[in-house]
Amino acid sequence: MFAQIEMLGAKAIRSFEELGRLSLFLITVVSNIFTRPFGFNDLVKQIAFIGARSMPIILLSGLFTGMVLALQFYDVLARFGSVDLMGSAVSLSLIQELGPVMTALMIIARVGSATCAEIAIMRNEQQFDALTCMAVSPYRYVMVPRFLAALISVPLLTAIFNLIGIAGGYIVGVFIKGLSGTAYMQTIIDTITWSDLKMSIVKSFIFAIIIIWISMGKGFFVHLEKGVSGAEAVGRVTTKAVVASAISMLFADYIASSFLI
Amino acid sequence: MPENSNQSSDTEVLDASVLIEVSHLSSSYGERQVLKDINLSVNQGEILVIMGGSGSGKSTLLRNMLGLMKPSSGEILFEGMNICHATRTELLKLRRSMGVAFQGGALLSSLSVGDNIKLPLRQHTDLDENTISIMARLKLELMSLANFEDLMPSELSGGMLKRAGLARAVIMDPKILFFDEPSAGLDPVTSVELDQLILQLRTAMSMTIVVVTHELESAFAIADRIAVLFDGELVITGTVDEIRACKDERVSNLINRTPREVQVDAEKYLSRLTKGAD
Amino acid sequence: MSFDCSEHLSYKVLHLTGEIDLSNSSKVRRCLLDILNNERSVIVDFSELKYIDSSGMATLVEGLNIANKKGLSLTIAAANGAPLQVLELTRLNQVFKIVDSVSEIRE
């Protein structure tokens with residue numbers, strides 16, 4: 001029995017160590033943002049990867065999400081005789097909640113996993129050691145461009161998700177359920193306030209930080225994973241990064257919602 | 001300046017000044033002690049080979065010398081400066097006169113071979129892009145990689161990656177070059193060519209070179225002095241002849257490549273082999 | 001490191017003294033390019049050069065290339081010691097015209 005308590009204790013200690021490591025990692029990345037020389041080219045490359053190339057999946061998932069929302073709300077609203085509120089219902093759900101969360105999940109799936117794996121492989125191939133020995137900071141050169149690119153791209157992608165979702169709701173509401181197009185748009189204009197938009201923006205920023213921080217951090221410390229090495233370790237940290245990002249994001253969503261709603 | 005007492009009188013050393021001094025270096029991973037009280041010096045202009053089998057601690061020693069990890073005790077002095085207590089600026093300055101060639105090259109996967117080699121120049125100098133381009137190509141020619149400038153690392157073989165990594169390590173003509181396992185994964189012919197290159201670099205560019213390897217032939221071919229590590233301890237540091245003449249079992253086993261003879265208890269061995277049979 | 005220029009017959013002579021490395025090779029480069037832009041053939045005098053690194057060599061290579069394009073010449077004189085070894089190591093001794101001394105050039 002003592003052995004199991006020991007194991008539990010060891011696990012707890014390791015978790016705290018990891019939390020500490022990741023915190024120091026984040027602080028170091030942030031403190032390197034203003035260090036010269038600025039890697040503008042790398043930043044643009046990363047925005048292209050994280051932002052531009054995520055557009056297809058954001059557009060698709062946004063559209064379908066909006067369409068499903070419209071179908072669901074139609075059913076509920078019809079029971080209360082308030083189908084005219086469709087526009088505001090769909091847009092509120094998207095802007096306050098689904099936009100940031102779904103965008104974050106898509107980014108975790110696509111960018112989080114790829115970034116974590118890429119950085120883990122760099123670690124395994126001693127690329128970070130090489131950079132350090134060349135007197136180039138791995139934090140400034142590799143991490144900062146990705147970090148800033150996420151901060152720039154994810155909120156923008158969230159906004160795009162919201163817009164296309166509203167459009168999807170419009171398509172279902174107007175063309176399938178026969179609601180008035182002008183009514184749909186009008187309720188949106190009447191209902192959505194600046195604080196709703198603020199919620200969307202704040203959440204997307206927070207999610208962006210969580211996702212890129214955990215993905216890069218887990219990859220960066222792949223060499224400290226016990227019991228595995230090489231390709232297996234890369235796979236393991238990538239899985240952990242995706243899961244941890246998703247759960248942390250959802251938790252942050254709850255906290256943010258409770259403050260901002 | 002302290003003179004290395006292990007030097008035999010007929011060994012020519014280009015300059016007797018000590019570049020790196022490792023004193024009482026000990027290193028542990030958790031509870032496991034990997035290096036025990038290592039004392040080693042690297043003289044200017046020499047080729048020092050650090051040899052040892054796997055588990056001997058040579059990679060840890062290298063990482064400590066490169067400043068990639070801090071020792072649990074002891075110190076490492078680079079031209080009198082203690083790198084364990086150096087400020088970031090001091091360490092940065094030191095690193096510009098150091099070149100490191102890692103196992104497998106450690107090239108950045110997102111940059112072409114040429115851009116990888118030019119990286120230190122672009123980050124640390126104001127040289128004109130024309131100059132940088134010619135410098136990179138000079139090094140590529142030296143490494144017989146002339147036409148591979150625009151390829152990506154993923155398109156190169158293991159041996160080519162290594163040579164590209166070496167080209168990057170020497171692009172700024174560093175004072176001291178560290179080479180981690182140069183021969184690993186290379187065929188014998190390329191390995192010999194690489195040895196020749198190392199010797200040429202030392203002479204033509206006045207480079208001090210520290211090589212970590214377990215390959216005997218290369219070590220004997222290029223070393224001015226060899227330091228033998230066994231199980232975290234520095235067994236002996238000396239010239240090739242002194243190493244050959246060493247009576248210590250751990251050294252002679254390494255040199256003569258005799259596998260340690262394992263004694264078996266005949267009865268127990270047989271029963272282990274036939275366990276479960278009727 | 002220092003360098004200065006003089007004349008020998010129709011050539012401009014660039015005397016290099018001391019060590020050329022990353023810290024000063026760009027100065028040498030500017031001087032060399034100026035000479036070539038003034039349509040002068042040049043002799044680079046290595047007699048007092050103790051050390052030259054790849055940035056210095058690259059500068060000379062660039063100079064040679066420009067000289068060839070303009071129909072001018074770039075000759076190295078009195079290479080010895082470490083600089084000579086660098087020329088051999090990089091096989092540039094087969095690319096540059098190398099003479100033993102400036103005075104050897106008669107026309």
# chains A, B, ... in the order shown; residues from 1 in each chain; ligands from 1

call {"tool": "residues_around", "arguments": {"residues": "Lys203 (chain A)", "least_positions_apart": "5", "cutoff": "7 Å", "atoms": "only C-alpha atoms", "output": "list in words"}}
result
Pro100, Asp253 and Ala256 of chain A

call {"tool": "write_last_selection", "arguments": {"atoms": "N, CA and C atoms", "output": "tab-separated table (two decimals), in the first residue's frame"}}
result
chain	number	residue	atom	x	y	z
A	100	PRO	N	-15.29	31.34	-30.06
A	100	PRO	CA	-13.99	31.15	-29.43
A	100	PRO	C	-13.66	29.69	-29.17
A	253	ASP	N	-12.52	28.83	-20.34
A	253	ASP	CA	-13.79	29.31	-20.90
A	253	ASP	C	-14.80	29.52	-19.77
A	256	ALA	N	-13.70	32.55	-17.69
A	256	ALA	CA	-13.93	33.80	-18.42
A	256	ALA	C	-15.42	34.11	-18.51

call {"tool": "select_by_dssp", "arguments": {"residues": "region 105-212 of chain A", "states": "alpha helix (DSSP H)", "output": "PyMOL selection string"}}
result
chain A and resi 105-107+113-124+127-133+138+144-170+181-191+194-212

call {"tool": "write_last_selection", "arguments": {"atoms": "C-alpha atoms", "output": "short mmCIF file (atom, residue, chain, number, x, y, z; two decimals), in the first residue's frame"}}
result
data_model
loop_
_atom_site.label_atom_id
_atom_site.label_comp_id
_atom_site.auth_asym_id
_atom_site.auth_seq_id
_atom_site.Cartn_x
_atom_site.Cartn_y
_atom_site.Cartn_z
CA LEU A 105 -10.53 23.33 -30.78
CA MET A 106 -9.81 23.50 -34.49
CA ILE A 107 -6.56 25.28 -33.84
CA SER A 113 -0.41 19.10 -32.61
CA ALA A 114 1.83 20.14 -35.48
CA THR A 115 3.67 22.76 -33.44
CA CYS A 116 4.20 20.42 -30.51
CA ALA A 117 5.55 17.68 -32.75
CA GLU A 118 7.78 20.08 -34.66
CA ILE A 119 9.31 21.50 -31.50
CA ALA A 120 9.71 18.08 -29.92
CA ILE A 121 11.60 16.86 -32.97
CA MET A 122 13.79 19.96 -32.88
CA ARG A 123 14.61 19.15 -29.26
CA ASN A 124 15.40 15.52 -30.07
CA GLN A 127 18.56 21.94 -32.69
CA PHE A 128 17.96 23.99 -29.54
CA ASP A 129 21.37 23.08 -28.18
CA ALA A 130 22.86 24.14 -31.50
CA LEU A 131 21.07 27.49 -31.38
CA THR A 132 22.19 28.09 -27.79
CA CYS A 133 25.78 27.29 -28.70
CA PRO A 138 15.85 29.49 -28.96
CA VAL A 144 8.37 34.18 -30.06
CA PRO A 145 7.30 34.15 -33.75
CA ARG A 146 4.90 31.28 -33.06
CA PHE A 147 3.58 32.90 -29.90
CA LEU A 148 2.88 36.25 -31.54
CA ALA A 149 1.46 34.59 -34.65
CA ALA A 150 -1.05 32.74 -32.48
CA LEU A 151 -2.02 35.92 -30.63
CA ILE A 152 -2.63 37.64 -33.94
CA SER A 153 -4.26 34.79 -35.84
CA VAL A 154 -6.60 33.13 -33.37
CA PRO A 155 -8.72 36.19 -32.52
CA LEU A 156 -9.02 36.98 -36.22
CA LEU A 157 -9.99 33.41 -37.03
CA THR A 158 -12.55 33.53 -34.23
CA ALA A 159 -14.09 36.62 -35.74
CA ILE A 160 -14.23 34.91 -39.11
CA PHE A 161 -15.80 31.84 -37.51
CA ASN A 162 -18.47 34.03 -35.93
CA LEU A 163 -19.25 35.76 -39.21
CA ILE A 164 -19.48 32.62 -41.28
CA GLY A 165 -21.50 30.97 -38.51
CA ILE A 166 -24.00 33.82 -38.58
CA ALA A 167 -24.14 33.43 -42.34
CA GLY A 168 -24.77 29.70 -41.93
CA GLY A 169 -27.58 30.46 -39.53
CA TYR A 170 -28.99 32.88 -42.08
CA GLY A 181 -33.87 37.79 -43.74
CA THR A 182 -34.20 41.37 -42.56
CA ALA A 183 -35.63 40.23 -39.25
CA TYR A 184 -32.71 37.87 -38.80
CA MET A 185 -30.19 40.65 -39.36
CA GLN A 186 -32.14 43.19 -37.36
CA THR A 187 -32.32 41.07 -34.23
CA ILE A 188 -28.59 40.63 -34.43
CA ILE A 189 -28.02 44.37 -34.58
CA ASP A 190 -30.45 44.94 -31.74
CA THR A 191 -29.10 42.28 -29.42
CA TRP A 194 -19.97 45.67 -27.28
CA SER A 195 -19.52 43.57 -24.17
CA ASP A 196 -20.47 40.46 -26.14
CA LEU A 197 -17.82 41.24 -28.71
CA LYS A 198 -15.38 41.98 -25.94
CA MET A 199 -16.06 38.55 -24.51
CA SER A 200 -15.31 36.95 -27.85
CA ILE A 201 -12.06 38.84 -28.23
CA VAL A 202 -10.87 38.33 -24.67
CA LYS A 203 -11.66 34.62 -24.77
CA SER A 204 -9.92 34.12 -28.08
CA PHE A 205 -6.79 35.86 -26.77
CA ILE A 206 -6.75 33.73 -23.66
CA PHE A 207 -7.31 30.56 -25.65
CA ALA A 208 -4.56 31.51 -28.10
CA ILE A 209 -2.07 31.88 -25.27
CA ILE A 210 -3.12 28.62 -23.65
CA ILE A 211 -2.89 26.63 -26.88
CA ILE A 212 0.44 27.91 -28.14
#

call {"tool": "interface_residues", "arguments": {"of": "chain A", "to": "chain B", "cutoff": "6 Å", "atoms": "only C-alpha atoms", "output": "short mmCIF file (atom, residue, chain, number, x, y, z; two decimals) with N, CA and C atoms, in the first residue's frame"}}
result
data_model
loop_
_atom_site.label_atom_id
_atom_site.label_comp_id
_atom_site.auth_asym_id
_atom_site.auth_seq_id
_atom_site.Cartn_x
_atom_site.Cartn_y
_atom_site.Cartn_z
N GLU A 125 16.58 16.43 -31.97
CA GLU A 125 17.72 16.54 -32.89
C GLU A 125 18.76 17.55 -32.42
N GLN A 126 18.62 18.01 -31.19
CA GLN A 126 19.59 18.95 -30.60
C GLN A 126 19.63 20.31 -31.31
N GLN A 127 18.55 20.65 -31.99
CA GLN A 127 18.56 21.94 -32.69
C GLN A 127 18.57 23.10 -31.70
N ALA A 135 24.90 31.15 -29.77
CA ALA A 135 24.52 32.40 -29.11
C ALA A 135 23.26 33.00 -29.72
#

call {"tool": "interface_residues", "arguments": {"of": "chain C", "to": "chain B", "cutoff": "10 Å", "atoms": "only C-alpha atoms", "output": "number ranges by chain"}}
result
C: 21-26, 29, 51-62, 81-92

call {"tool": "residues_around", "arguments": {"residues": "Arg106 (chain C)", "least_positions_apart": "6", "cutoff": "10 Å", "atoms": "only C-alpha atoms", "output": "short mmCIF file (atom, residue, chain, number, x, y, z; two decimals) with N, CA and C atoms, in the first residue's frame"}}
result
data_model
loop_
_atom_site.label_atom_id
_atom_site.label_comp_id
_atom_site.auth_asym_id
_atom_site.auth_seq_id
_atom_site.Cartn_x
_atom_site.Cartn_y
_atom_site.Cartn_z
N HIS C 8 52.58 50.55 -58.01
CA HIS C 8 53.69 49.79 -58.61
C HIS C 8 53.38 49.65 -60.08
N LEU C 9 54.18 50.34 -60.90
CA LEU C 9 53.90 50.36 -62.35
C LEU C 9 52.45 50.80 -62.54
N SER C 10 51.68 50.01 -63.25
CA SER C 10 50.31 50.46 -63.51
C SER C 10 49.32 49.93 -62.48
#

call {"tool": "residues_around", "arguments": {"residues": "Thr17 (chain C)", "least_positions_apart": "5", "cutoff": "10 Å", "atoms": "only C-alpha atoms", "output": "ChimeraX atom specification"}}
result
/C:1-4,45-51

call {"tool": "write_last_selection", "arguments": {"atoms": "C-alpha atoms", "output": "compact mmCIF listing (two decimals), in the first residue's frame"}}
result
# COMPACT_ATOMS: atom_id res chain seq x y z
CA MET C 1 45.26 45.31 -38.62
CA SER C 2 46.11 48.05 -40.99
CA PHE C 3 46.24 48.49 -44.68
CA ASP C 4 47.53 51.10 -47.03
CA ASP C 45 50.53 42.30 -50.74
CA PHE C 46 50.46 39.50 -48.18
CA SER C 47 54.05 39.94 -47.02
CA GLU C 48 53.05 41.36 -43.63
CA LEU C 49 49.79 39.53 -43.27
CA LYS C 50 49.84 37.15 -40.32
CA TYR C 51 46.32 35.77 -40.44

call {"tool": "atom_distance", "arguments": {"atom1": "CA of Phe220 (chain B)", "atom2": "CA of Val240 (chain B)"}}
result
6.2 Å

call {"tool": "residues_around", "arguments": {"residues": "Asp34 (chain C)", "least_positions_apart": "3", "cutoff": "12 Å", "atoms": "only C-alpha atoms", "output": "list in words"}}
result
Cys5, Lys12, Leu14, Lys27, Val28, Arg29, Arg30, Cys31, Asn37, Asn38, Glu39, Arg40, Ser41, Val42, Gly63, Ile66 and Ala67 of chain C

call {"tool": "write_last_selection", "arguments": {"atoms": "N, CA and C atoms", "output": "PDB file, in the first residue's frame"}}
result
ATOM      1  N   CYS C   5      47.740  51.809 -49.282  1.00  0.00           N
ATOM      2  CA  CYS C   5      47.882  51.611 -50.719  1.00  0.00           C
ATOM      3  C   CYS C   5      49.112  52.317 -51.242  1.00  0.00           C
ATOM      4  N   LYS C  12      47.711  49.203 -58.555  1.00  0.00           N
ATOM      5  CA  LYS C  12      47.527  49.715 -57.205  1.00  0.00           C
ATOM      6  C   LYS C  12      47.932  48.572 -56.276  1.00  0.00           C
ATOM      7  N   LEU C  14      47.770  46.945 -52.588  1.00  0.00           N
ATOM      8  CA  LEU C  14      47.079  47.002 -51.298  1.00  0.00           C
ATOM      9  C   LEU C  14      47.897  46.177 -50.299  1.00  0.00           C
ATOM     10  N   LYS C  27      36.150  46.680 -43.838  1.00  0.00           N
ATOM     11  CA  LYS C  27      36.906  47.884 -44.208  1.00  0.00           C
ATOM     12  C   LYS C  27      37.779  47.582 -45.427  1.00  0.00           C
ATOM     13  N   VAL C  28      38.424  46.420 -45.363  1.00  0.00           N
ATOM     14  CA  VAL C  28      39.273  46.011 -46.485  1.00  0.00           C
ATOM     15  C   VAL C  28      38.426  45.893 -47.743  1.00  0.00           C
ATOM     16  N   ARG C  29      37.223  45.365 -47.557  1.00  0.00           N
ATOM     17  CA  ARG C  29      36.318  45.175 -48.699  1.00  0.00           C
ATOM     18  C   ARG C  29      35.998  46.498 -49.381  1.00  0.00           C
ATOM     19  N   ARG C  30      35.675  47.485 -48.546  1.00  0.00           N
ATOM     20  CA  ARG C  30      35.327  48.792 -49.124  1.00  0.00           C
ATOM     21  C   ARG C  30      36.492  49.368 -49.916  1.00  0.00           C
ATOM     22  N   CYS C  31      37.688  49.222 -49.334  1.00  0.00           N
ATOM     23  CA  CYS C  31      38.870  49.756 -50.007  1.00  0.00           C
ATOM     24  C   CYS C  31      39.103  49.039 -51.326  1.00  0.00           C
ATOM     25  N   ASN C  37      36.514  49.844 -58.603  1.00  0.00           N
ATOM     26  CA  ASN C  37      35.558  50.748 -59.240  1.00  0.00           C
ATOM     27  C   ASN C  37      36.251  51.888 -59.965  1.00  0.00           C
ATOM     28  N   ASN C  38      37.485  52.188 -59.528  1.00  0.00           N
ATOM     29  CA  ASN C  38      38.277  53.196 -60.234  1.00  0.00           C
ATOM     30  C   ASN C  38      39.050  52.589 -61.386  1.00  0.00           C
ATOM     31  N   GLU C  39      38.641  51.380 -61.786  1.00  0.00           N
ATOM     32  CA  GLU C  39      39.234  50.707 -62.942  1.00  0.00           C
ATOM     33  C   GLU C  39      40.743  50.521 -62.819  1.00  0.00           C
ATOM     34  N   ARG C  40      41.201  50.143 -61.619  1.00  0.00           N
ATOM     35  CA  ARG C  40      42.620  49.870 -61.435  1.00  0.00           C
ATOM     36  C   ARG C  40      42.817  48.395 -61.161  1.00  0.00           C
ATOM     37  N   SER C  41      43.827  47.811 -61.786  1.00  0.00           N
ATOM     38  CA  SER C  41      44.200  46.444 -61.426  1.00  0.00           C
ATOM     39  C   SER C  41      44.931  46.489 -60.099  1.00  0.00           C
ATOM     40  N   VAL C  42      44.819  45.415 -59.332  1.00  0.00           N
ATOM     41  CA  VAL C  42      45.348  45.499 -57.972  1.00  0.00           C
ATOM     42  C   VAL C  42      46.242  44.313 -57.631  1.00  0.00           C
ATOM     43  N   GLY C  63      36.395  40.321 -54.891  1.00  0.00           N
ATOM     44  CA  GLY C  63      37.213  41.265 -55.650  1.00  0.00           C
ATOM     45  C   GLY C  63      37.692  40.656 -56.955  1.00  0.00           C
ATOM     46  N   ILE C  66      34.879  40.539 -59.515  1.00  0.00           N
ATOM     47  CA  ILE C  66      34.599  41.863 -60.090  1.00  0.00           C
ATOM     48  C   ILE C  66      35.711  42.250 -61.054  1.00  0.00           C
ATOM     49  N   ALA C  67      36.965  41.972 -60.634  1.00  0.00           N
ATOM     50  CA  ALA C  67      38.102  42.319 -61.487  1.00  0.00           C
ATOM     51  C   ALA C  67      37.999  41.611 -62.825  1.00  0.00           C
TER      52      ALA C  67
END

call {"tool": "atom_distance", "arguments": {"atom1": "CA of Ile108 (chain A)", "atom2": "CA of Lys240 (chain A)"}}
result
11.5 Å

call {"tool": "select_by_dssp", "arguments": {"residues": "region 118-218 of chain B", "states": "strand (DSSP E)", "output": "list in words"}}
result
Ile176, Leu177, Phe178, Phe179, Asp180, Thr208, Ile209, Val210, Val211, Val212 and Thr213 of chain B

call {"tool": "atom_distance", "arguments": {"atom1": "CA of Glu149 (chain B)", "atom2": "CA of Gly39 (chain A)"}}
result
22.3 Å

call {"tool": "residues_around", "arguments": {"residues": "Phe230 (chain B)", "least_positions_apart": "3", "cutoff": "8 Å", "atoms": "only C-alpha atoms", "output": "NGL selection string"}}
result
:B and (52-53 or 55-57 or 233-235 or 250)

call {"tool": "closest_residue", "arguments": {"among": "A:Ser31, A:Ile95, A:Glu18, A:Asp84", "to": "Ser257 (chain A)", "atoms": "only C-alpha atoms"}}
result
A:Ile95

call {"tool": "residues_around", "arguments": {"residues": "Leu25 (chain B)", "least_positions_apart": "5", "cutoff": "9 Å", "atoms": "only C-alpha atoms", "output": "list in words"}}
result
Leu35, Lys36, Asp37, Ile38, Asn39, Leu61, Asn64, Pro71, Ser72, Ser73, Gly74, Glu75 and Ile76 of chain B
